[in-house]
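Q: Okay, so here is protein-v3.txt, and as you'll see once you scroll down, it has compact mmCIF, N, CA and C atoms.
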```txt
# COMPACT_ATOMS: atom_id res chain seq x y z
N MET A 1 124.79 75.99 102.66
CA MET A 1 125.15 76.38 101.30
C MET A 1 126.27 75.46 100.85
N ALA A 2 126.03 74.74 99.77
CA ALA A 2 127.04 73.84 99.22
C ALA A 2 128.11 74.67 98.51
N GLU A 3 127.99 74.79 97.20
CA GLU A 3 128.97 75.55 96.45
C GLU A 3 128.23 76.51 95.53
N LEU A 4 128.18 77.78 95.91
CA LEU A 4 127.48 78.76 95.11
C LEU A 4 128.32 79.12 93.89
N ARG A 5 127.71 79.00 92.74
CA ARG A 5 128.33 79.41 91.47
C ARG A 5 127.48 80.54 90.91
N ILE A 6 128.11 81.65 90.58
CA ILE A 6 127.41 82.76 89.96
C ILE A 6 128.01 82.96 88.58
N VAL A 7 127.14 82.92 87.57
CA VAL A 7 127.63 83.02 86.19
C VAL A 7 126.83 84.08 85.43
N SER A 8 127.50 84.71 84.48
CA SER A 8 126.85 85.72 83.64
C SER A 8 125.87 85.06 82.69
N VAL A 9 124.80 85.76 82.41
CA VAL A 9 123.87 85.29 81.39
C VAL A 9 124.59 85.42 80.05
N GLY A 10 124.83 84.29 79.41
CA GLY A 10 125.60 84.32 78.17
C GLY A 10 125.14 83.34 77.12
N ASP A 11 124.17 82.51 77.47
CA ASP A 11 123.64 81.56 76.50
C ASP A 11 122.16 81.35 76.79
N ASP A 12 121.50 80.53 75.97
CA ASP A 12 120.06 80.35 76.14
C ASP A 12 119.70 79.72 77.48
N ASP A 13 120.52 78.78 77.96
CA ASP A 13 120.21 78.13 79.24
C ASP A 13 120.24 79.13 80.40
N THR A 14 121.29 79.94 80.47
CA THR A 14 121.37 80.91 81.57
C THR A 14 120.33 82.00 81.41
N LEU A 15 120.02 82.37 80.18
CA LEU A 15 118.98 83.37 79.94
C LEU A 15 117.63 82.86 80.43
N LEU A 16 117.30 81.61 80.12
CA LEU A 16 116.03 81.03 80.56
C LEU A 16 115.99 80.87 82.08
N ASP A 17 117.12 80.53 82.68
CA ASP A 17 117.17 80.42 84.14
C ASP A 17 116.95 81.79 84.79
N TRP A 18 117.60 82.83 84.24
CA TRP A 18 117.42 84.18 84.78
C TRP A 18 115.95 84.59 84.67
N GLN A 19 115.35 84.33 83.51
CA GLN A 19 113.94 84.66 83.28
C GLN A 19 113.05 83.93 84.27
N ARG A 20 113.32 82.65 84.52
CA ARG A 20 112.50 81.85 85.44
C ARG A 20 112.49 82.46 86.83
N VAL A 21 113.67 82.83 87.35
CA VAL A 21 113.74 83.42 88.69
C VAL A 21 113.00 84.75 88.71
N HIS A 22 113.27 85.60 87.73
CA HIS A 22 112.60 86.90 87.68
C HIS A 22 111.09 86.74 87.69
N ASN A 23 110.58 85.90 86.81
CA ASN A 23 109.13 85.77 86.67
C ASN A 23 108.48 85.10 87.86
N GLU A 24 109.21 84.25 88.57
CA GLU A 24 108.64 83.65 89.78
C GLU A 24 108.57 84.66 90.92
N ILE A 25 109.58 85.50 91.04
CA ILE A 25 109.62 86.45 92.14
C ILE A 25 108.82 87.71 91.83
N ILE A 26 108.68 88.03 90.55
CA ILE A 26 107.92 89.22 90.14
C ILE A 26 106.82 88.79 89.16
N PRO A 27 105.84 88.06 89.65
CA PRO A 27 104.80 87.55 88.74
C PRO A 27 103.93 88.66 88.14
N THR A 28 103.94 89.83 88.74
CA THR A 28 103.12 90.93 88.23
C THR A 28 103.74 91.60 87.01
N ALA A 29 105.02 91.37 86.76
CA ALA A 29 105.71 92.00 85.62
C ALA A 29 106.60 90.97 84.92
N PRO A 30 105.99 89.90 84.38
CA PRO A 30 106.79 88.86 83.75
C PRO A 30 107.51 89.38 82.51
N LEU A 31 108.69 88.83 82.28
CA LEU A 31 109.50 89.22 81.12
C LEU A 31 109.53 88.08 80.12
N SER A 32 109.47 88.43 78.85
CA SER A 32 109.62 87.45 77.78
C SER A 32 111.11 87.19 77.56
N VAL A 33 111.41 86.17 76.77
CA VAL A 33 112.81 85.90 76.40
C VAL A 33 113.40 87.11 75.70
N GLU A 34 112.62 87.74 74.82
CA GLU A 34 113.13 88.93 74.11
C GLU A 34 113.38 90.09 75.06
N ASP A 35 112.52 90.25 76.08
CA ASP A 35 112.76 91.28 77.09
C ASP A 35 114.12 91.06 77.76
N VAL A 36 114.39 89.81 78.13
CA VAL A 36 115.65 89.50 78.82
C VAL A 36 116.83 89.71 77.88
N ARG A 37 116.67 89.31 76.63
CA ARG A 37 117.76 89.54 75.65
C ARG A 37 118.09 91.03 75.56
N GLY A 38 117.09 91.88 75.61
CA GLY A 38 117.33 93.32 75.57
C GLY A 38 118.05 93.80 76.82
N ARG A 39 117.64 93.29 77.96
CA ARG A 39 118.27 93.72 79.23
C ARG A 39 119.73 93.31 79.32
N VAL A 40 120.05 92.14 78.79
CA VAL A 40 121.42 91.65 78.92
C VAL A 40 122.39 92.54 78.14
N THR A 41 121.89 93.32 77.19
CA THR A 41 122.77 94.24 76.46
C THR A 41 123.00 95.53 77.22
N ARG A 42 122.14 95.83 78.22
CA ARG A 42 122.24 97.10 78.96
C ARG A 42 122.69 96.94 80.40
N HIS A 43 122.47 95.76 80.98
CA HIS A 43 122.72 95.54 82.40
C HIS A 43 123.58 94.29 82.60
N VAL A 44 124.11 94.15 83.80
CA VAL A 44 124.82 92.93 84.16
C VAL A 44 123.78 91.97 84.74
N LEU A 45 123.54 90.87 84.05
CA LEU A 45 122.59 89.85 84.50
C LEU A 45 123.36 88.58 84.81
N GLU A 46 123.11 88.01 85.99
CA GLU A 46 123.78 86.78 86.40
C GLU A 46 122.77 85.83 87.02
N VAL A 47 123.12 84.55 87.00
CA VAL A 47 122.32 83.53 87.67
C VAL A 47 123.20 82.83 88.69
N ALA A 48 122.55 82.35 89.76
CA ALA A 48 123.28 81.71 90.86
C ALA A 48 122.79 80.28 91.02
N TYR A 49 123.75 79.38 91.20
CA TYR A 49 123.45 77.96 91.35
C TYR A 49 124.12 77.42 92.60
N ASP A 50 123.42 76.57 93.32
CA ASP A 50 123.98 75.79 94.42
C ASP A 50 124.36 74.46 93.80
N GLY A 51 125.65 74.32 93.44
CA GLY A 51 126.04 73.18 92.63
C GLY A 51 125.41 73.38 91.26
N ASP A 52 124.48 72.48 90.90
CA ASP A 52 123.78 72.60 89.62
C ASP A 52 122.34 73.06 89.78
N VAL A 53 121.92 73.41 90.99
CA VAL A 53 120.54 73.78 91.27
C VAL A 53 120.40 75.30 91.22
N LEU A 54 119.49 75.78 90.39
CA LEU A 54 119.22 77.21 90.28
C LEU A 54 118.63 77.73 91.59
N VAL A 55 119.25 78.77 92.16
CA VAL A 55 118.75 79.34 93.42
C VAL A 55 118.39 80.81 93.32
N GLY A 56 118.93 81.53 92.33
CA GLY A 56 118.64 82.95 92.26
C GLY A 56 119.22 83.62 91.03
N ASN A 57 119.05 84.93 90.98
CA ASN A 57 119.64 85.72 89.90
C ASN A 57 119.94 87.12 90.42
N SER A 58 120.55 87.91 89.56
CA SER A 58 120.83 89.29 89.94
C SER A 58 120.84 90.19 88.71
N THR A 59 120.63 91.47 89.00
CA THR A 59 120.70 92.52 87.99
C THR A 59 121.49 93.67 88.59
N VAL A 60 122.40 94.20 87.82
CA VAL A 60 123.10 95.43 88.20
C VAL A 60 122.96 96.39 87.02
N ARG A 61 122.35 97.54 87.31
CA ARG A 61 122.16 98.57 86.28
C ARG A 61 123.12 99.72 86.57
N PRO A 62 123.79 100.21 85.54
CA PRO A 62 124.68 101.36 85.76
C PRO A 62 123.88 102.62 86.06
N PRO A 63 124.54 103.62 86.63
CA PRO A 63 123.88 104.92 86.80
C PRO A 63 123.36 105.41 85.45
N SER A 64 122.31 106.22 85.49
CA SER A 64 121.70 106.68 84.24
C SER A 64 121.25 108.13 84.40
N GLU A 65 120.60 108.65 83.37
CA GLU A 65 120.06 110.00 83.45
C GLU A 65 118.97 110.08 84.51
N GLU A 66 118.26 108.96 84.74
CA GLU A 66 117.18 108.93 85.72
C GLU A 66 117.70 108.89 87.16
N SER A 67 118.86 108.25 87.34
CA SER A 67 119.40 108.11 88.69
C SER A 67 120.92 108.08 88.66
N ALA A 68 121.53 108.84 89.57
CA ALA A 68 122.99 108.85 89.67
C ALA A 68 123.51 107.60 90.39
N ALA A 69 122.61 106.83 90.99
CA ALA A 69 122.99 105.62 91.71
C ALA A 69 122.96 104.41 90.78
N ALA A 70 123.80 103.44 91.07
CA ALA A 70 123.70 102.13 90.40
C ALA A 70 122.56 101.37 91.07
N THR A 71 121.89 100.54 90.31
CA THR A 71 120.80 99.72 90.86
C THR A 71 121.28 98.29 91.00
N VAL A 72 121.04 97.72 92.18
CA VAL A 72 121.40 96.32 92.44
C VAL A 72 120.14 95.57 92.85
N ILE A 73 119.94 94.41 92.24
CA ILE A 73 118.78 93.58 92.57
C ILE A 73 119.26 92.15 92.70
N ALA A 74 119.15 91.61 93.90
CA ALA A 74 119.51 90.21 94.17
C ALA A 74 118.22 89.45 94.48
N ARG A 75 117.98 88.37 93.74
CA ARG A 75 116.76 87.59 93.95
C ARG A 75 117.13 86.16 94.29
N VAL A 76 116.43 85.61 95.28
CA VAL A 76 116.62 84.21 95.66
C VAL A 76 115.25 83.55 95.68
N LEU A 77 115.14 82.40 95.04
CA LEU A 77 113.88 81.67 95.04
C LEU A 77 113.48 81.36 96.48
N PRO A 78 112.19 81.44 96.80
CA PRO A 78 111.74 81.30 98.20
C PRO A 78 112.26 80.06 98.91
N GLU A 79 112.32 78.94 98.24
CA GLU A 79 112.74 77.70 98.91
C GLU A 79 114.23 77.66 99.23
N TYR A 80 115.00 78.65 98.76
CA TYR A 80 116.44 78.69 99.03
C TYR A 80 116.85 79.88 99.89
N ARG A 81 115.90 80.59 100.42
CA ARG A 81 116.21 81.76 101.25
C ARG A 81 116.69 81.34 102.64
N ARG A 82 117.36 82.28 103.29
CA ARG A 82 117.90 82.12 104.65
C ARG A 82 119.00 81.04 104.72
N ARG A 83 119.76 80.95 103.65
CA ARG A 83 120.88 80.00 103.60
C ARG A 83 122.19 80.69 103.22
N GLY A 84 122.16 82.03 103.10
CA GLY A 84 123.37 82.77 102.76
C GLY A 84 123.51 83.08 101.28
N PHE A 85 122.63 82.55 100.43
CA PHE A 85 122.73 82.81 99.00
C PHE A 85 122.50 84.30 98.69
N GLY A 86 121.47 84.88 99.29
CA GLY A 86 121.17 86.28 99.04
C GLY A 86 122.33 87.19 99.41
N GLU A 87 122.96 86.90 100.53
CA GLU A 87 124.11 87.70 100.97
C GLU A 87 125.24 87.62 99.96
N ALA A 88 125.54 86.43 99.49
CA ALA A 88 126.63 86.25 98.51
C ALA A 88 126.30 86.96 97.19
N ILE A 89 125.08 86.81 96.73
CA ILE A 89 124.66 87.46 95.48
C ILE A 89 124.70 88.98 95.64
N TYR A 90 124.18 89.47 96.77
CA TYR A 90 124.16 90.91 97.01
C TYR A 90 125.58 91.50 97.07
N GLN A 91 126.48 90.84 97.77
CA GLN A 91 127.85 91.35 97.88
C GLN A 91 128.52 91.43 96.51
N ARG A 92 128.25 90.44 95.67
CA ARG A 92 128.80 90.47 94.30
C ARG A 92 128.21 91.65 93.54
N CYS A 93 126.91 91.88 93.69
CA CYS A 93 126.26 93.02 93.03
C CYS A 93 126.89 94.34 93.48
N ARG A 94 127.15 94.46 94.77
CA ARG A 94 127.76 95.70 95.30
C ARG A 94 129.12 95.94 94.66
N GLU A 95 129.93 94.88 94.53
CA GLU A 95 131.25 95.03 93.91
C GLU A 95 131.11 95.50 92.46
N GLN A 96 130.19 94.89 91.74
CA GLN A 96 129.99 95.27 90.34
C GLN A 96 129.49 96.72 90.24
N ALA A 97 128.60 97.10 91.13
CA ALA A 97 128.07 98.47 91.12
C ALA A 97 129.19 99.48 91.40
N ARG A 98 130.08 99.16 92.31
CA ARG A 98 131.20 100.06 92.60
C ARG A 98 132.05 100.28 91.35
N GLU A 99 132.25 99.20 90.58
CA GLU A 99 133.05 99.31 89.36
C GLU A 99 132.37 100.21 88.33
N LEU A 100 131.04 100.26 88.35
CA LEU A 100 130.28 101.08 87.40
C LEU A 100 130.22 102.54 87.84
N GLY A 101 130.59 102.81 89.08
CA GLY A 101 130.57 104.17 89.59
C GLY A 101 129.17 104.56 90.03
N GLY A 102 128.97 105.81 90.21
CA GLY A 102 127.67 106.29 90.62
C GLY A 102 127.67 106.78 92.05
N ASP A 103 126.55 107.33 92.41
CA ASP A 103 126.36 107.93 93.73
C ASP A 103 125.39 107.07 94.52
N GLY A 104 125.89 106.12 95.29
CA GLY A 104 125.06 105.24 96.10
C GLY A 104 124.48 104.09 95.31
N LEU A 105 123.60 103.36 96.00
CA LEU A 105 122.94 102.20 95.41
C LEU A 105 121.44 102.34 95.56
N GLU A 106 120.72 101.81 94.59
CA GLU A 106 119.27 101.72 94.68
C GLU A 106 118.86 100.28 94.44
N THR A 107 117.66 99.94 94.89
CA THR A 107 117.07 98.66 94.56
C THR A 107 115.56 98.86 94.44
N HIS A 108 114.92 97.94 93.76
CA HIS A 108 113.47 97.99 93.54
C HIS A 108 112.92 96.62 93.88
N ILE A 109 111.94 96.57 94.78
CA ILE A 109 111.42 95.30 95.27
C ILE A 109 109.90 95.34 95.23
N LEU A 110 109.30 94.27 94.74
CA LEU A 110 107.85 94.17 94.73
C LEU A 110 107.35 94.22 96.17
N ALA A 111 106.38 95.06 96.44
CA ALA A 111 105.92 95.29 97.82
C ALA A 111 105.46 94.02 98.51
N SER A 112 104.97 93.05 97.78
CA SER A 112 104.53 91.79 98.39
C SER A 112 105.69 90.87 98.75
N ASN A 113 106.92 91.20 98.36
CA ASN A 113 108.09 90.39 98.67
C ASN A 113 108.65 90.84 100.02
N GLU A 114 108.01 90.39 101.08
CA GLU A 114 108.41 90.80 102.43
C GLU A 114 109.82 90.38 102.77
N ASP A 115 110.24 89.20 102.32
CA ASP A 115 111.61 88.75 102.58
C ASP A 115 112.62 89.70 101.93
N GLY A 116 112.35 90.11 100.69
CA GLY A 116 113.25 91.01 99.99
C GLY A 116 113.34 92.38 100.65
N LEU A 117 112.19 92.90 101.08
CA LEU A 117 112.18 94.20 101.76
C LEU A 117 112.94 94.11 103.09
N ARG A 118 112.72 93.06 103.83
CA ARG A 118 113.41 92.88 105.11
C ARG A 118 114.92 92.79 104.88
N PHE A 119 115.34 92.05 103.85
CA PHE A 119 116.76 91.89 103.53
C PHE A 119 117.37 93.26 103.21
N ALA A 120 116.71 94.03 102.33
CA ALA A 120 117.25 95.33 101.93
C ALA A 120 117.37 96.27 103.12
N LYS A 121 116.35 96.33 103.93
CA LYS A 121 116.37 97.22 105.09
C LYS A 121 117.43 96.79 106.10
N ALA A 122 117.63 95.48 106.26
CA ALA A 122 118.68 94.98 107.17
C ALA A 122 120.07 95.37 106.68
N HIS A 123 120.19 95.66 105.37
CA HIS A 123 121.48 96.06 104.80
C HIS A 123 121.60 97.57 104.66
N GLY A 124 120.70 98.30 105.30
CA GLY A 124 120.82 99.75 105.36
C GLY A 124 120.06 100.54 104.31
N PHE A 125 119.34 99.85 103.42
CA PHE A 125 118.55 100.56 102.42
C PHE A 125 117.35 101.23 103.11
N VAL A 126 117.00 102.41 102.64
CA VAL A 126 115.84 103.13 103.17
C VAL A 126 114.86 103.37 102.03
N GLU A 127 113.59 103.32 102.37
CA GLU A 127 112.54 103.47 101.37
C GLU A 127 112.47 104.90 100.88
N LEU A 128 112.44 105.05 99.54
CA LEU A 128 112.28 106.37 98.92
C LEU A 128 110.85 106.60 98.49
N GLU A 129 110.29 105.62 97.80
CA GLU A 129 108.93 105.76 97.29
C GLU A 129 108.37 104.41 96.88
N THR A 130 107.06 104.38 96.72
CA THR A 130 106.41 103.22 96.11
C THR A 130 105.77 103.70 94.82
N TYR A 131 105.71 102.81 93.84
CA TYR A 131 105.13 103.19 92.55
C TYR A 131 104.49 101.97 91.91
N LEU A 132 103.48 102.23 91.11
CA LEU A 132 102.79 101.18 90.37
C LEU A 132 103.17 101.26 88.91
N LEU A 133 103.47 100.13 88.31
CA LEU A 133 103.66 100.08 86.87
C LEU A 133 102.28 100.07 86.22
N PRO A 134 102.15 100.57 85.00
CA PRO A 134 100.84 100.59 84.34
C PRO A 134 100.19 99.20 84.34
N GLY A 135 98.95 99.16 84.80
CA GLY A 135 98.20 97.90 84.81
C GLY A 135 98.44 97.03 86.03
N ASP A 136 99.42 97.36 86.86
CA ASP A 136 99.72 96.55 88.05
C ASP A 136 98.80 96.92 89.20
N THR A 137 98.68 96.00 90.15
CA THR A 137 97.92 96.26 91.37
C THR A 137 98.82 96.20 92.60
N ILE A 138 100.00 95.61 92.47
CA ILE A 138 100.95 95.54 93.58
C ILE A 138 102.10 96.49 93.27
N PRO A 139 102.37 97.45 94.15
CA PRO A 139 103.43 98.43 93.86
C PRO A 139 104.83 97.86 94.07
N PHE A 140 105.79 98.54 93.48
CA PHE A 140 107.19 98.31 93.75
C PHE A 140 107.63 99.33 94.79
N VAL A 141 108.65 98.97 95.57
CA VAL A 141 109.24 99.88 96.54
C VAL A 141 110.65 100.20 96.06
N GLU A 142 110.95 101.47 95.94
CA GLU A 142 112.29 101.91 95.59
C GLU A 142 113.02 102.26 96.88
N LEU A 143 114.21 101.68 97.05
CA LEU A 143 115.01 101.92 98.25
C LEU A 143 116.39 102.38 97.84
N ARG A 144 117.06 103.10 98.74
CA ARG A 144 118.39 103.65 98.45
C ARG A 144 119.33 103.41 99.62
N LEU A 145 120.59 103.21 99.26
CA LEU A 145 121.67 103.08 100.24
C LEU A 145 122.75 104.06 99.83
N ASP A 146 123.06 105.02 100.70
CA ASP A 146 124.16 105.94 100.44
C ASP A 146 125.40 105.35 101.06
N GLU A 147 126.39 105.11 100.20
CA GLU A 147 127.64 104.49 100.69
C GLU A 147 128.72 105.53 100.85
```
Could you take the file, read its structure, and then write that structure out as structure tokens?

A:
Amino acid sequence: MAELRIVSVGDDDTLLDWQRVHNEIIPTAPLSVEDVRGRVTRHVLEVAYDGDVLVGNSTVRPPSEESAAATVIARVLPEYRRRGFGEAIYQRCREQARELGGDGLETHILASNEDGLRFAKAHGFVELETYLLPGDTIPFVELRLDE
């Protein structure tokens, strides 16, 4: 890992980078630019760079009526995995989630993302349920970590 820079989505370039990572890792539920613009008003969205190279993104959702837990999602592009980027992104997400309060942490991972599931379980997350979004064929896995 050279020099990891994590920056908030705050302009068109970072928004497009966040969208690119999301859509590559979750091809079954691609987001439009307008979808991302809506999310950035409700959630903490960040992108991660190794120097100037895009390596990942993250989402932190505050607790809501649906869940008392904050949701943390750390994504790393496949070609940059197993280099410590996911750990750094995840730890930053945990800090942000703590600031938002809530009862524990949740994450949601596409079931076909074996690396992501392995990472979450290695960090103590346990599977709660799997669910399909309308029209999807690959389910998401919801996991929880009680801190």

Q: Report the centre and edge lengths, in Å to one decimal, of an axis-aligned box enclosing every atom of region 61-76 of chain A listed in the file, padded by 4 Å on each side, as lines of an AutoDock Vina configuration file.

A:
```
center_x = 120.0
center_y = 96.8
center_z = 89.5
size_x = 17.4
size_y = 34.5
size_z = 20.3
```

Q: Choose the residue, out of A:Thr71, A:Val33, A:Ala88, A:Phe119, that has the smallest atom-to-atom separation from Leu16 (chain A); count only N, CA and C atoms.

A: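 For Leu16 (chain A), the nearest of the candidates is A:Val33.
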
Q: Run DSSP on the backbone and give me the residues of region 10-55 of chain A it puts in helix (DSSP H, G or I), as a list of chain:residue names.

A: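 Here is the list: A:Asp12, A:Asp13, A:Thr14, A:Leu15, A:Leu16, A:Asp17, A:Trp18, A:Gln19, A:Arg20, A:Val21, A:His22, A:Asn23, A:Glu24, A:Ile25, A:Val33, A:Glu34, A:Asp35, A:Val36, A:Arg37, A:Gly38, A:Arg39, A:Val40, A:Thr41, A:Arg42.
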
Q: Compile the contact shell of Ala111 (chain A) as a PDB file with N, CA and C atoms, in the coordinates of the input: residues with an atom at most 8 Å away, counting only C-alpha atoms, same-chain residues fewer than 6 positions apart removed.

A:
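See out-v1.pdb below for the written result:
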```pdb
ATOM      1  N   LEU A 117     112.190  92.900 101.080  1.00  0.00           N
ATOM      2  CA  LEU A 117     112.180  94.200 101.760  1.00  0.00           C
ATOM      3  C   LEU A 117     112.940  94.110 103.090  1.00  0.00           C
ATOM      4  N   ILE A 138     100.000  95.610  92.470  1.00  0.00           N
ATOM      5  CA  ILE A 138     100.950  95.540  93.580  1.00  0.00           C
ATOM      6  C   ILE A 138     102.100  96.490  93.270  1.00  0.00           C
ATOM      7  N   PRO A 139     102.370  97.450  94.150  1.00  0.00           N
ATOM      8  CA  PRO A 139     103.430  98.430  93.860  1.00  0.00           C
ATOM      9  C   PRO A 139     104.830  97.860  94.070  1.00  0.00           C
ATOM     10  N   PHE A 140     105.790  98.540  93.480  1.00  0.00           N
ATOM     11  CA  PHE A 140     107.190  98.310  93.750  1.00  0.00           C
ATOM     12  C   PHE A 140     107.630  99.330  94.790  1.00  0.00           C
ATOM     13  N   VAL A 141     108.650  98.970  95.570  1.00  0.00           N
ATOM     14  CA  VAL A 141     109.240  99.880  96.540  1.00  0.00           C
ATOM     15  C   VAL A 141     110.650 100.200  96.060  1.00  0.00           C
TER      16      VAL A 141
END
```

Q: Please identify the strand (DSSP E) residues within chain A (assignment by DSSP from backbone atoms) and present them as an MDAnalysis selection string.

A: chainID A and resid 4:8 44:50 53:61 70:76 105:110 126:131 140:145

Q: If we count only N, CA and C atoms and set the cut-off at 6 Å, which residues sit around Glu106 (chain A), ignoring sequence neighbours fewer than 2 positions away in its own chain? Please answer as a list in words.

A: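 Contacts, in chain order: Ala69, Ala70, Thr71, Val72, Gly104, His108, Leu143, Arg144 and Leu145 of chain A.
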
Q: Write out, as a PDB file, in the frame of the given file, the residues just selected, with N, CA and C atoms.

A:
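Output file part19.pdb is given in full below:
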```pdb
ATOM      1  N   ALA A  69     122.610 106.830  90.990  1.00  0.00           N
ATOM      2  CA  ALA A  69     122.990 105.620  91.710  1.00  0.00           C
ATOM      3  C   ALA A  69     122.960 104.410  90.780  1.00  0.00           C
ATOM      4  N   ALA A  70     123.800 103.440  91.070  1.00  0.00           N
ATOM      5  CA  ALA A  70     123.700 102.130  90.400  1.00  0.00           C
ATOM      6  C   ALA A  70     122.560 101.370  91.070  1.00  0.00           C
ATOM      7  N   THR A  71     121.890 100.540  90.310  1.00  0.00           N
ATOM      8  CA  THR A  71     120.800  99.720  90.860  1.00  0.00           C
ATOM      9  C   THR A  71     121.280  98.290  91.000  1.00  0.00           C
ATOM     10  N   VAL A  72     121.040  97.720  92.180  1.00  0.00           N
ATOM     11  CA  VAL A  72     121.400  96.320  92.440  1.00  0.00           C
ATOM     12  C   VAL A  72     120.140  95.570  92.850  1.00  0.00           C
ATOM     13  N   GLY A 104     125.890 106.120  95.290  1.00  0.00           N
ATOM     14  CA  GLY A 104     125.060 105.240  96.100  1.00  0.00           C
ATOM     15  C   GLY A 104     124.480 104.090  95.310  1.00  0.00           C
ATOM     16  N   HIS A 108     114.920  97.940  93.760  1.00  0.00           N
ATOM     17  CA  HIS A 108     113.470  97.990  93.540  1.00  0.00           C
ATOM     18  C   HIS A 108     112.920  96.620  93.880  1.00  0.00           C
ATOM     19  N   LEU A 143     114.210 101.680  97.050  1.00  0.00           N
ATOM     20  CA  LEU A 143     115.010 101.920  98.250  1.00  0.00           C
ATOM     21  C   LEU A 143     116.390 102.380  97.840  1.00  0.00           C
ATOM     22  N   ARG A 144     117.060 103.100  98.740  1.00  0.00           N
ATOM     23  CA  ARG A 144     118.390 103.650  98.450  1.00  0.00           C
ATOM     24  C   ARG A 144     119.330 103.410  99.620  1.00  0.00           C
ATOM     25  N   LEU A 145     120.590 103.210  99.260  1.00  0.00           N
ATOM     26  CA  LEU A 145     121.670 103.080 100.240  1.00  0.00           C
ATOM     27  C   LEU A 145     122.750 104.060  99.830  1.00  0.00           C
TER      28      LEU A 145
END
```
